[in-house]
>>> print(open('run_38.cif').read())   # mmCIF, C-alpha atoms
data_work
loop_
_atom_site.label_atom_id
_atom_site.label_comp_id
_atom_site.auth_asym_id
_atom_site.auth_seq_id
_atom_site.Cartn_x
_atom_site.Cartn_y
_atom_site.Cartn_z
CA MET A 1 -61.89 -14.10 140.00
CA ASN A 2 -60.77 -17.30 138.27
CA THR A 3 -58.22 -15.40 136.20
CA ALA A 4 -56.73 -13.95 139.37
CA PHE A 5 -56.75 -17.34 141.08
CA VAL A 6 -54.62 -19.09 138.41
CA PRO A 7 -51.59 -16.77 138.72
CA LEU A 8 -51.95 -16.97 142.51
CA CYS A 9 -51.82 -20.79 142.36
CA THR A 10 -48.84 -20.64 140.03
CA ALA A 11 -47.02 -18.27 142.34
CA TRP A 12 -47.83 -20.52 145.30
CA ASP A 13 -46.48 -23.57 143.44
CA ARG A 14 -43.30 -21.70 142.61
CA LEU A 15 -42.95 -20.63 146.23
CA ASN A 16 -43.31 -24.26 147.34
CA LYS A 17 -40.66 -25.33 144.83
CA LEU A 18 -38.36 -22.60 146.08
CA ARG A 19 -38.92 -23.74 149.67
CA TYR A 20 -38.13 -27.31 148.60
CA GLN A 21 -34.85 -26.20 146.97
CA VAL A 22 -33.94 -24.17 150.04
CA ALA A 23 -34.65 -27.21 152.23
CA ARG A 24 -32.39 -29.36 150.04
CA LEU A 25 -29.63 -26.76 150.23
CA ALA A 26 -30.07 -26.55 154.01
CA SER A 27 -29.76 -30.33 154.23
CA LEU A 28 -26.55 -30.23 152.22
CA LEU A 29 -25.17 -27.44 154.37
CA LYS A 30 -26.04 -29.50 157.45
CA ILE A 31 -23.90 -32.31 156.08
CA MET A 32 -21.04 -30.09 155.02
CA GLY A 33 -21.57 -27.27 157.54
CA PRO A 34 -18.42 -27.56 159.64
CA ILE A 35 -16.35 -27.92 156.48
CA ILE A 36 -17.83 -24.77 154.91
CA ASN A 37 -18.40 -22.56 157.96
CA SER A 38 -15.43 -23.41 160.13
CA SER A 39 -12.93 -20.58 160.61
CA ASP A 40 -10.07 -22.95 159.82
CA ARG A 41 -11.70 -24.37 156.69
CA LYS A 42 -8.74 -23.45 154.47
CA SER A 43 -6.25 -25.01 156.86
CA LYS A 44 -8.21 -28.27 157.08
CA VAL A 45 -8.71 -28.49 153.30
CA TRP A 46 -4.98 -28.12 152.73
CA SER A 47 -4.21 -30.63 155.47
CA VAL A 48 -6.50 -33.19 153.83
CA ALA A 49 -4.98 -32.42 150.41
CA ARG A 50 -1.40 -32.80 151.66
CA VAL A 51 -1.93 -36.03 153.55
CA ALA A 52 -3.99 -37.49 150.68
CA SER A 53 -1.33 -36.56 148.11
CA GLY A 54 1.33 -38.24 150.23
CA ASN A 55 -0.83 -41.34 150.54
CA PHE A 56 -1.38 -41.23 146.76
CA LEU A 57 2.38 -41.25 146.08
CA GLU A 58 3.03 -44.07 148.52
CA MET A 59 0.17 -46.27 147.32
CA TYR A 60 1.03 -45.61 143.67
CA ASP A 61 4.57 -46.81 144.34
CA PHE A 62 3.27 -49.90 146.15
CA MET A 63 0.47 -50.81 143.72
CA VAL A 64 2.17 -50.31 140.37
CA PHE A 65 4.28 -53.47 140.89
CA GLY A 66 1.14 -55.60 140.66
CA TYR A 67 0.01 -53.94 137.40
CA TYR A 68 3.17 -54.99 135.58
CA ALA A 69 3.71 -58.33 137.28
CA ALA A 70 4.05 -60.24 133.99
CA ALA A 71 6.68 -57.87 132.58
CA ILE A 72 8.56 -57.77 135.91
CA GLY A 73 8.50 -61.57 135.96
CA ASN A 74 10.11 -61.72 132.51
CA ALA A 75 12.81 -59.24 133.54
CA PHE A 76 13.76 -60.62 136.96
CA PHE A 77 12.31 -64.14 137.19
CA PRO A 78 12.88 -65.87 133.82
CA ASN A 79 11.37 -69.33 133.71
CA ASN A 80 10.62 -71.96 131.09
CA SER A 81 6.94 -71.66 132.01
CA PRO A 82 5.08 -68.33 131.73
CA PHE A 83 2.99 -69.48 134.70
CA GLY A 84 6.14 -70.02 136.78
CA SER A 85 7.54 -66.60 135.91
CA LEU A 86 4.22 -64.89 136.70
CA MET A 87 3.83 -66.74 140.01
CA LEU A 88 7.34 -65.75 141.13
CA SER A 89 6.55 -62.13 140.32
CA LEU A 90 3.20 -62.25 142.13
CA MET A 91 4.76 -63.95 145.15
CA THR A 92 7.32 -61.13 145.29
CA PHE A 93 4.42 -58.69 145.14
CA GLY A 94 2.83 -60.54 148.05
CA ALA A 95 6.10 -60.73 150.02
CA GLY A 96 5.92 -57.00 150.57
CA PHE A 97 2.77 -57.53 152.60
CA LEU A 98 4.56 -59.90 154.99
CA MET A 99 6.61 -56.94 156.22
CA ARG A 100 3.53 -54.83 156.92
CA PRO A 101 2.80 -56.18 160.43
CA LEU A 102 6.42 -55.50 161.45
CA GLY A 103 6.22 -51.99 159.98
CA ALA A 104 2.89 -51.47 161.72
CA LEU A 105 4.39 -52.34 165.12
CA ILE A 106 7.67 -50.40 164.81
CA LEU A 107 6.58 -47.39 162.74
CA GLY A 108 3.13 -47.33 164.38
CA ALA A 109 4.70 -47.14 167.85
CA TYR A 110 7.05 -44.41 166.57
CA THR A 111 4.06 -42.42 165.28
CA ASP A 112 2.04 -42.83 168.49
CA ARG A 113 5.09 -41.62 170.41
CA HIS A 114 6.48 -38.82 168.19
CA GLY A 115 3.43 -37.63 166.25
CA ARG A 116 1.44 -38.27 163.08
CA ARG A 117 3.46 -35.83 160.98
CA ALA A 118 6.85 -37.38 161.81
CA GLY A 119 5.61 -40.90 161.07
CA LEU A 120 4.04 -40.03 157.72
CA LEU A 121 7.12 -38.20 156.45
CA LEU A 122 9.35 -41.13 157.45
CA THR A 123 7.22 -43.72 155.64
CA LEU A 124 7.04 -41.63 152.45
CA GLY A 125 10.85 -41.41 152.29
CA MET A 126 11.26 -45.15 152.82
CA MET A 127 8.73 -45.99 150.11
CA SER A 128 10.58 -43.79 147.61
CA ILE A 129 13.84 -45.67 148.24
CA GLY A 130 12.06 -49.01 147.74
CA ILE A 131 10.45 -48.12 144.41
CA LEU A 132 13.62 -46.59 142.95
CA SER A 133 15.57 -49.74 143.81
CA ILE A 134 13.13 -51.72 141.65
CA ALA A 135 12.72 -49.24 138.80
CA CYS A 136 16.48 -48.81 138.27
CA MET A 137 17.53 -52.42 138.87
CA PRO A 138 19.29 -54.22 135.95
CA GLY A 139 17.54 -57.41 134.86
CA TYR A 140 18.42 -61.06 135.48
CA ALA A 141 20.20 -61.23 132.11
CA THR A 142 22.63 -58.52 133.28
CA ILE A 143 23.48 -59.28 136.92
CA GLY A 144 22.01 -62.76 137.37
CA LEU A 145 20.61 -63.96 140.70
CA LEU A 146 21.47 -60.65 142.38
CA ALA A 147 18.65 -58.94 140.42
CA PRO A 148 15.67 -60.86 141.91
CA LEU A 149 17.23 -60.74 145.39
CA LEU A 150 17.60 -56.95 145.28
CA VAL A 151 14.10 -56.54 143.84
CA LEU A 152 12.76 -58.65 146.71
CA THR A 153 14.69 -56.46 149.18
CA GLY A 154 13.18 -53.32 147.66
CA ARG A 155 9.73 -54.85 147.85
CA LEU A 156 10.21 -55.78 151.52
CA LEU A 157 11.25 -52.19 152.28
CA GLN A 158 8.09 -50.97 150.54
CA GLY A 159 6.01 -53.33 152.66
CA PHE A 160 7.69 -52.23 155.89
CA SER A 161 6.89 -48.60 155.04
CA ALA A 162 3.30 -49.28 153.93
CA GLY A 163 2.61 -51.12 157.20
CA MET A 164 2.05 -47.82 158.99
CA GLU A 165 0.96 -45.58 156.10
CA LEU A 166 -2.74 -46.45 155.92
CA GLY A 167 -3.15 -46.37 159.68
CA GLY A 168 -1.23 -43.11 159.99
CA VAL A 169 -3.23 -41.36 157.28
CA SER A 170 -6.59 -42.62 158.58
CA VAL A 171 -5.86 -41.58 162.17
CA TYR A 172 -4.54 -38.20 161.01
CA LEU A 173 -7.72 -37.50 159.02
CA SER A 174 -9.99 -38.70 161.85
CA GLU A 175 -8.26 -36.40 164.32
CA ILE A 176 -8.55 -33.27 162.14
CA ALA A 177 -12.16 -34.02 161.12
CA THR A 178 -14.92 -31.64 162.14
CA PRO A 179 -17.55 -33.08 164.54
CA GLY A 180 -19.97 -35.49 162.86
CA HIS A 181 -17.93 -35.76 159.65
CA LYS A 182 -15.27 -38.35 160.41
CA GLY A 183 -16.63 -40.73 157.77
CA PHE A 184 -16.34 -38.11 155.03
CA TYR A 185 -12.83 -37.00 156.08
CA VAL A 186 -11.38 -40.48 156.56
CA SER A 187 -12.81 -41.67 153.23
CA TRP A 188 -10.12 -39.59 151.48
CA GLN A 189 -7.50 -42.03 152.73
CA SER A 190 -8.97 -44.65 150.41
CA GLY A 191 -9.98 -41.97 147.90
CA SER A 192 -6.36 -40.97 147.34
CA GLN A 193 -5.52 -44.62 146.70
CA GLN A 194 -8.08 -44.67 143.91
CA VAL A 195 -6.37 -41.70 142.28
CA ALA A 196 -3.17 -43.78 142.40
CA VAL A 197 -5.05 -46.69 140.77
CA MET A 198 -6.36 -44.40 138.02
CA PHE A 199 -2.99 -42.74 137.44
CA ALA A 200 -1.10 -46.04 137.20
CA ALA A 201 -3.72 -47.44 134.81
CA SER A 202 -3.63 -44.27 132.70
CA VAL A 203 0.14 -44.48 132.38
CA GLY A 204 -0.24 -48.12 131.36
CA VAL A 205 -2.85 -47.30 128.72
CA ILE A 206 -0.61 -44.61 127.22
CA LEU A 207 2.49 -46.83 127.22
CA ASN A 208 0.62 -49.76 125.66
CA SER A 209 -0.69 -47.43 122.94
CA VAL A 210 2.72 -45.94 122.15
CA LEU A 211 5.12 -48.86 122.65
CA SER A 212 5.19 -52.24 120.96
CA THR A 213 4.67 -55.36 123.08
CA GLU A 214 8.39 -56.18 122.80
CA ARG A 215 9.49 -52.74 124.02
CA MET A 216 6.89 -52.77 126.79
CA GLN A 217 8.22 -56.12 128.04
CA ARG A 218 11.86 -55.04 127.72
CA TRP A 219 11.86 -51.59 129.37
CA GLY A 220 8.48 -49.83 129.11
CA TRP A 221 7.21 -51.32 132.39
CA ARG A 222 9.94 -49.39 134.26
CA VAL A 223 8.51 -45.97 133.34
CA PRO A 224 5.46 -46.05 135.68
CA LEU A 225 7.78 -46.88 138.62
CA LEU A 226 9.60 -43.48 138.33
CA ARG A 227 7.90 -40.46 139.74
CA LYS A 228 4.62 -28.77 151.81
CA SER A 229 5.00 -30.47 154.94
CA LEU A 230 2.15 -31.61 157.21
CA VAL A 231 1.16 -29.99 160.49
CA GLU A 232 0.57 -32.09 163.60
CA THR A 233 -3.02 -32.81 164.68
CA ASP A 234 -4.50 -30.83 167.57
CA GLU A 235 -5.71 -34.02 169.24
CA PHE A 236 -2.18 -35.43 169.42
CA LEU A 237 -0.68 -32.11 170.60
CA ALA A 238 -3.34 -31.85 173.34
CA ARG A 239 -2.49 -35.27 174.74
CA LYS A 240 -0.75 -34.89 178.11
CA HIS A 241 0.80 -38.34 178.19
CA ARG A 242 2.60 -39.83 175.19
CA PRO A 243 3.29 -43.49 175.88
CA ASP A 244 6.72 -44.96 175.20
CA THR A 245 7.25 -47.99 173.01
CA SER A 246 6.94 -50.55 175.84
CA GLU A 247 3.65 -49.00 176.99
CA ILE A 248 2.28 -49.09 173.44
CA PHE A 249 3.19 -52.76 172.99
CA ARG A 250 1.66 -53.59 176.38
CA SER A 251 -1.57 -51.82 175.44
CA LEU A 252 -1.71 -53.67 172.13
CA ARG A 253 -1.36 -56.96 174.00
CA ASN A 254 -4.16 -55.99 176.37
CA HIS A 255 -6.44 -55.06 173.47
CA TRP A 256 -5.70 -58.08 171.28
CA ALA A 257 -9.41 -58.81 170.79
CA ILE A 258 -10.01 -55.37 169.27
CA VAL A 259 -7.05 -55.83 166.92
CA LEU A 260 -8.40 -59.24 165.91
CA VAL A 261 -11.87 -57.84 165.18
CA GLY A 262 -10.24 -55.06 163.17
CA THR A 263 -8.18 -57.58 161.19
CA PHE A 264 -11.28 -59.46 160.06
CA MET A 265 -13.08 -56.22 159.26
CA VAL A 266 -10.20 -55.22 156.98
CA THR A 267 -10.12 -58.65 155.29
CA MET A 268 -13.20 -57.76 153.23
CA THR A 269 -11.60 -54.46 152.19
CA THR A 270 -8.13 -55.68 151.34
CA VAL A 271 -9.18 -58.79 149.39
CA SER A 272 -11.76 -56.93 147.29
CA PHE A 273 -9.42 -53.95 146.71
CA TYR A 274 -6.51 -56.01 145.40
CA MET A 275 -8.88 -58.20 143.42
CA ILE A 276 -10.46 -55.32 141.50
CA THR A 277 -7.33 -53.18 141.12
CA ALA A 278 -3.93 -54.91 141.24
CA TYR A 279 -5.22 -58.24 139.87
CA THR A 280 -7.52 -56.92 137.14
CA PRO A 281 -4.82 -56.31 134.47
CA THR A 282 -3.33 -59.78 135.05
CA PHE A 283 -6.74 -61.51 135.24
CA GLY A 284 -8.05 -59.80 132.11
CA ASN A 285 -4.92 -60.48 130.09
CA SER A 286 -3.67 -63.87 131.34
CA VAL A 287 -6.95 -65.58 132.34
CA LEU A 288 -9.66 -64.03 130.15
CA HIS A 289 -7.24 -63.39 127.25
CA LEU A 290 -8.48 -59.86 126.66
CA ALA A 291 -6.23 -57.13 125.28
CA SER A 292 -3.92 -55.52 127.84
CA ILE A 293 -5.26 -52.08 127.04
CA ASP A 294 -8.85 -53.27 127.70
CA SER A 295 -7.91 -54.54 131.17
CA LEU A 296 -6.11 -51.29 131.99
CA ILE A 297 -9.09 -49.21 130.86
CA VAL A 298 -11.34 -51.29 133.14
CA THR A 299 -8.90 -50.71 136.00
CA LEU A 300 -9.00 -46.97 135.29
CA CYS A 301 -12.82 -47.04 135.45
CA VAL A 302 -12.71 -49.03 138.69
CA GLY A 303 -10.46 -46.39 140.25
CA ALA A 304 -12.89 -43.63 139.19
CA SER A 305 -15.84 -45.62 140.56
CA ASN A 306 -14.07 -46.22 143.88
CA LEU A 307 -13.19 -42.53 144.11
CA PHE A 308 -16.87 -41.62 143.67
CA TRP A 309 -18.38 -44.10 146.14
CA LEU A 310 -15.87 -43.75 148.99
CA PRO A 311 -16.60 -40.14 150.06
CA VAL A 312 -20.32 -40.52 149.27
CA MET A 313 -20.65 -43.56 151.51
CA GLY A 314 -18.30 -42.12 154.11
CA ALA A 315 -20.64 -39.11 154.40
CA LEU A 316 -23.67 -41.43 154.43
CA SER A 317 -22.16 -43.39 157.33
CA ASP A 318 -21.99 -40.09 159.25
CA ARG A 319 -25.77 -39.81 158.84
CA ILE A 320 -27.06 -43.37 159.28
CA GLY A 321 -24.18 -44.99 161.20
CA ARG A 322 -21.40 -47.40 160.21
CA ARG A 323 -23.06 -50.74 160.97
CA PRO A 324 -25.93 -50.63 158.42
CA LEU A 325 -23.43 -50.14 155.59
CA LEU A 326 -21.04 -52.78 156.94
CA PHE A 327 -23.80 -55.39 157.18
CA ALA A 328 -25.43 -54.57 153.83
CA CYS A 329 -22.18 -54.61 151.84
CA THR A 330 -20.78 -57.81 153.33
CA LEU A 331 -24.08 -59.58 152.60
CA LEU A 332 -24.12 -58.28 149.02
CA MET A 333 -20.56 -59.49 148.42
CA LEU A 334 -21.25 -62.84 150.06
CA ILE A 335 -24.30 -63.48 147.87
CA THR A 336 -23.25 -62.04 144.49
CA ALA A 337 -19.45 -62.39 144.10
CA TYR A 338 -19.33 -65.94 142.71
CA PRO A 339 -22.44 -65.68 140.46
CA VAL A 340 -21.15 -62.52 138.75
CA MET A 341 -17.74 -64.14 138.20
CA LEU A 342 -19.45 -67.18 136.64
CA TRP A 343 -21.34 -64.84 134.31
CA LEU A 344 -18.08 -63.09 133.36
CA VAL A 345 -16.03 -66.18 132.52
CA LYS A 346 -18.86 -67.79 130.53
CA GLU A 347 -18.38 -65.30 127.69
CA PRO A 348 -15.45 -63.00 128.53
CA SER A 349 -15.60 -59.54 126.98
CA PHE A 350 -14.60 -55.98 127.75
CA ALA A 351 -18.22 -55.05 128.51
CA ARG A 352 -18.74 -57.96 130.92
CA LEU A 353 -15.44 -57.36 132.70
CA LEU A 354 -16.30 -53.68 133.12
CA THR A 355 -19.81 -54.49 134.42
CA VAL A 356 -18.57 -57.01 137.00
CA GLU A 357 -15.71 -54.84 138.18
CA LEU A 358 -17.95 -51.79 138.59
CA TRP A 359 -20.42 -53.84 140.64
CA LEU A 360 -17.63 -55.09 142.89
CA SER A 361 -16.30 -51.53 143.04
CA PHE A 362 -19.66 -50.28 144.32
CA ILE A 363 -19.64 -52.87 147.11
CA PHE A 364 -16.01 -52.16 148.00
CA GLY A 365 -16.44 -48.38 148.01
CA SER A 366 -19.62 -48.54 150.07
CA TYR A 367 -18.10 -50.91 152.64
CA ASN A 368 -14.75 -49.18 152.91
CA GLY A 369 -16.32 -45.75 153.23
CA ALA A 370 -17.74 -46.91 156.56
CA MET A 371 -15.13 -49.48 157.59
CA VAL A 372 -11.99 -47.33 157.72
CA VAL A 373 -13.50 -44.69 160.01
CA SER A 374 -15.08 -47.44 162.10
CA LEU A 375 -11.63 -48.97 162.59
CA THR A 376 -10.29 -45.66 163.96
CA GLU A 377 -13.24 -45.52 166.37
CA ILE A 378 -12.80 -48.98 167.89
CA MET A 379 -9.11 -48.41 168.71
CA PRO A 380 -7.97 -46.93 172.07
CA ALA A 381 -6.49 -43.44 171.63
CA GLU A 382 -3.07 -44.31 173.04
CA VAL A 383 -2.51 -47.01 170.38
CA ARG A 384 -4.79 -45.69 167.67
CA THR A 385 -2.12 -45.60 164.94
CA SER A 386 -0.27 -48.79 165.86
CA GLY A 387 -3.51 -50.71 166.55
CA PHE A 388 -5.11 -49.61 163.29
CA ALA A 389 -1.92 -50.26 161.33
CA LEU A 390 -1.41 -53.70 162.89
CA ALA A 391 -4.99 -54.82 162.16
CA TYR A 392 -4.79 -53.52 158.59
CA SER A 393 -1.35 -55.03 158.01
CA LEU A 394 -2.25 -58.46 159.35
CA ALA A 395 -5.31 -58.64 157.10
CA THR A 396 -3.29 -57.53 154.10
CA ALA A 397 -0.37 -59.86 154.82
CA ILE A 398 -2.51 -62.95 155.46
CA PHE A 399 -5.33 -62.41 152.95
CA GLY A 400 -5.24 -59.36 150.68
CA GLY A 401 -1.64 -59.12 149.51
CA PHE A 402 -1.54 -62.65 148.15
CA THR A 403 -4.95 -62.36 146.46
CA PRO A 404 -3.43 -62.10 142.95
CA ALA A 405 -1.07 -65.05 143.53
CA PHE A 406 -3.68 -67.13 145.38
CA SER A 407 -6.32 -66.52 142.70
CA THR A 408 -3.87 -67.41 139.91
CA TYR A 409 -2.88 -70.63 141.69
CA LEU A 410 -6.49 -71.68 142.41
CA ILE A 411 -7.45 -71.14 138.78
CA HIS A 412 -4.40 -73.15 137.68
CA ILE A 413 -5.13 -76.22 139.84
CA SER A 414 -8.93 -76.19 139.54
CA GLY A 415 -9.45 -74.98 135.98
CA ASN A 416 -12.31 -72.83 137.30
CA ARG A 417 -11.74 -69.26 136.16
CA ALA A 418 -14.55 -67.98 138.39
CA ILE A 419 -13.00 -69.26 141.61
CA PRO A 420 -11.76 -65.79 142.70
CA GLY A 421 -15.44 -65.11 143.43
CA LEU A 422 -15.36 -67.71 146.21
CA TRP A 423 -12.31 -66.00 147.69
CA LEU A 424 -14.28 -62.73 147.71
CA SER A 425 -17.20 -64.48 149.42
CA PHE A 426 -14.90 -65.83 152.12
CA ALA A 427 -13.54 -62.32 152.75
CA ALA A 428 -17.10 -61.00 152.96
CA ALA A 429 -17.96 -63.64 155.58
CA CYS A 430 -14.97 -62.50 157.66
CA GLY A 431 -16.14 -58.88 157.42
CA LEU A 432 -19.71 -59.78 158.35
CA VAL A 433 -18.71 -61.68 161.49
CA ALA A 434 -16.29 -58.93 162.56
CA SER A 435 -18.94 -56.23 162.05
CA LEU A 436 -21.15 -58.02 164.59
CA PHE A 437 -18.49 -57.56 167.29
CA ALA A 438 -17.09 -54.13 166.38
CA LYS A 439 -18.00 -51.34 168.81
CA PRO A 440 -16.56 -47.84 169.36
CA TYR A 441 -13.95 -48.02 172.11
CA ASN A 442 -15.76 -45.58 174.40
CA ALA A 443 -18.87 -47.82 174.37
CA PRO A 444 -19.32 -50.47 177.06
CA VAL A 445 -17.68 -53.72 176.03
CA ASN A 446 -18.83 -57.16 177.08
CA THR A 447 -15.67 -58.96 178.18
CA LYS A 448 -17.20 -62.37 177.65
CA LEU A 449 -18.02 -61.44 174.07
CA GLN A 450 -14.50 -60.14 173.56
CA CYS A 451 -12.94 -63.39 174.68
CA THR A 452 -14.95 -65.40 172.20
CA VAL A 453 -13.80 -63.37 169.17
#
>>> encode(input="run_38.cif", output="structure tokens")
Amino acid sequence: MNTAFVPLCTAWDRLNKLRYQVARLASLLKIMGPIINSSDRKSKVWSVARVASGNFLEMYDFMVFGYYAAAIGNAFFPNNSPFGSLMLSLMTFGAGFLMRPLGALILGAYTDRHGRRAGLLLTLGMMSIGILSIACMPGYATIGLLAPLLVLTGRLLQGFSAGMELGGVSVYLSEIATPGHKGFYVSWQSGSQQVAVMFAASVGVILNSVLSTERMQRWGWRVPLLRKSLVETDEFLARKHRPDTSEIFRSLRNHWAIVLVGTFMVTMTTVSFYMITAYTPTFGNSVLHLASIDSLIVTLCVGASNLFWLPVMGALSDRIGRRPLLFACTLLMLITAYPVMLWLVKEPSFARLLTVELWLSFIFGSYNGAMVVSLTEIMPAEVRTSGFALAYSLATAIFGGFTPAFSTYLIHISGNRAIPGLWLSFAAACGLVASLFAKPYNAPVNTKLQCTV
């Protein structure tokens, strides 16, 4: 009887394990169900792929300027001081962000009026013109003062285009998402940006390995700057009334408090993103005095880390809600940003830079996975693109875009190489306060609370 009982127990254990695996698979299918079982799965997958690839191209064009700021400074902004040349280059990088609010208003209103598809195609074309004007521009030594002026013009055109891009892509993805999976879908807006980060860093690693420092400074930096239509969303097509430009601007004015809350929510995202991506090569090379290739490899790893955490945390926010992730991540950044930067600058090394950047990447990816979809949910439908784009652009123009220049200047005047950590903590405080006030637009809103934002 005992000999028969042992195999029976074993079989029972195996059955329990099988049931456990089936339960895990069922849980996964519950998360991904509409994506896998929907009759239009193929159409939605290709829509996500097309809009993400367009966002990748546009963000690659916009971001790559920051990666090669030092070389661009030498070519277009020659100065007796390396610091002066670098600051002029970084300020030009930041100037592009000043055009974002204007682009958000004009191109956002155009998109809310004429459709998501039309707006996204327009911005992609404008960005291409801007990047080509920089990549093909003769240097200061050839055409003098005209060179930096034309580069600045190209950068401003890039900023005007990018003002609507992130809002347009996020709204597009939220409107094609299957029920209960907005967080996962919208996370690919930021996910495609991380592919751009990784691609730009990879190109930099290859060029630095193949070209000498002199050739890289003279012309190699120009190489990374050279490089099927979308369908309209059902939600936009189903809308009976499409407001004109004056109606959109009036609605934005009436919902100023929501835009303001959104701006402070985005501050945490945009400051941390540009700190750990666009500024990392310059910080590692110019401040920590590490090899350029080491800083670019770290940036490549950061892009991969961001790409992993964004969809994971976007899907998690679909399960547990947006607010728990928003609160947890802003608190983590507020508490840890400066201490980890102090640890890094005490004994700078490739390993320490990688460790710190990956930690900050985890916080950024976790926060942004929930924040971007939350921003689409707090905006009224009639101004969803323009409202999102305006909030995102204001945060980027005021805080995020000048993060590299601001950090460089603070380090220069204070002598404290860890001071960018305090800037990150400030951004986290903005995100924490905003998260307290953010509510989905269809939820009841306390008007007294709104007025105090």
>>> resolve_selection(input="run_38.cif", expression="the PyMOL selection byres ((chain A and resi 365) around 9)", output="list in words")
Ser190, Thr269, Ser305, Asn306, Leu307, Phe308, Trp309, Leu310, Pro311, Val312, Met313, Gly314, Leu360, Ser361, Phe362, Ile363, Phe364, Ser366, Tyr367, Asn368, Gly369 and Ala370 of chain A
>>> residues_around(input="run_38.cif", residues="Gly94 of chain A", least_positions_apart="5", cutoff="9 Å", atoms="all atoms listed in the file", output="count of residues only")
9
>>> resolve_selection(input="run_38.cif", expression="the PyMOL selection byres ((chain A and resi 100) around 6)", output="PyMOL selection string")
chain A and resi 97-99+101-104+159-160+163+393
>>> write_last_selection(input="run_38.cif", atoms="C-alpha atoms", output="compact mmCIF listing (two decimals), keeping the file's coordinate frame")
# COMPACT_ATOMS: atom_id res chain seq x y z
CA PHE A 97 2.77 -57.53 152.60
CA LEU A 98 4.56 -59.90 154.99
CA MET A 99 6.61 -56.94 156.22
CA PRO A 101 2.80 -56.18 160.43
CA LEU A 102 6.42 -55.50 161.45
CA GLY A 103 6.22 -51.99 159.98
CA ALA A 104 2.89 -51.47 161.72
CA GLY A 159 6.01 -53.33 152.66
CA PHE A 160 7.69 -52.23 155.89
CA GLY A 163 2.61 -51.12 157.20
CA SER A 393 -1.35 -55.03 158.01
>>> closest_residue(input="run_38.cif", among="A:Gly144, A:Phe273, A:Ala109, A:Arg322", to="Glu377 of chain A", atoms="all atoms listed in the file")
A:Arg322
>>> residues_around(input="run_38.cif", residues="Val298 of chain A", least_positions_apart="6", cutoff="12 Å", atoms="only C-alpha atoms", output="MDAnalysis selection string")
chainID A and resid 197:198 201:202 204:205 276:285 290:292 304:305 349:358 361
>>> atom_distance(input="run_38.cif", atom1="atom CA of Arg323 of chain A", atom2="atom CA of Thr396 of chain A")
22.0 Å
>>> atom_distance(input="run_38.cif", atom1="atom CA of Ile398 of chain A", atom2="atom CA of Phe264 of chain A")
10.5 Å
>>> closest_residue(input="run_38.cif", among="A:Phe406, A:Tyr274, A:Tyr172, A:Tyr140", to="Gln194 of chain A", atoms="only C-alpha atoms")
A:Tyr274
>>> atom_distance(input="run_38.cif", atom1="atom CA of Gly262 of chain A", atom2="atom CA of Glu382 of chain A")
16.3 Å
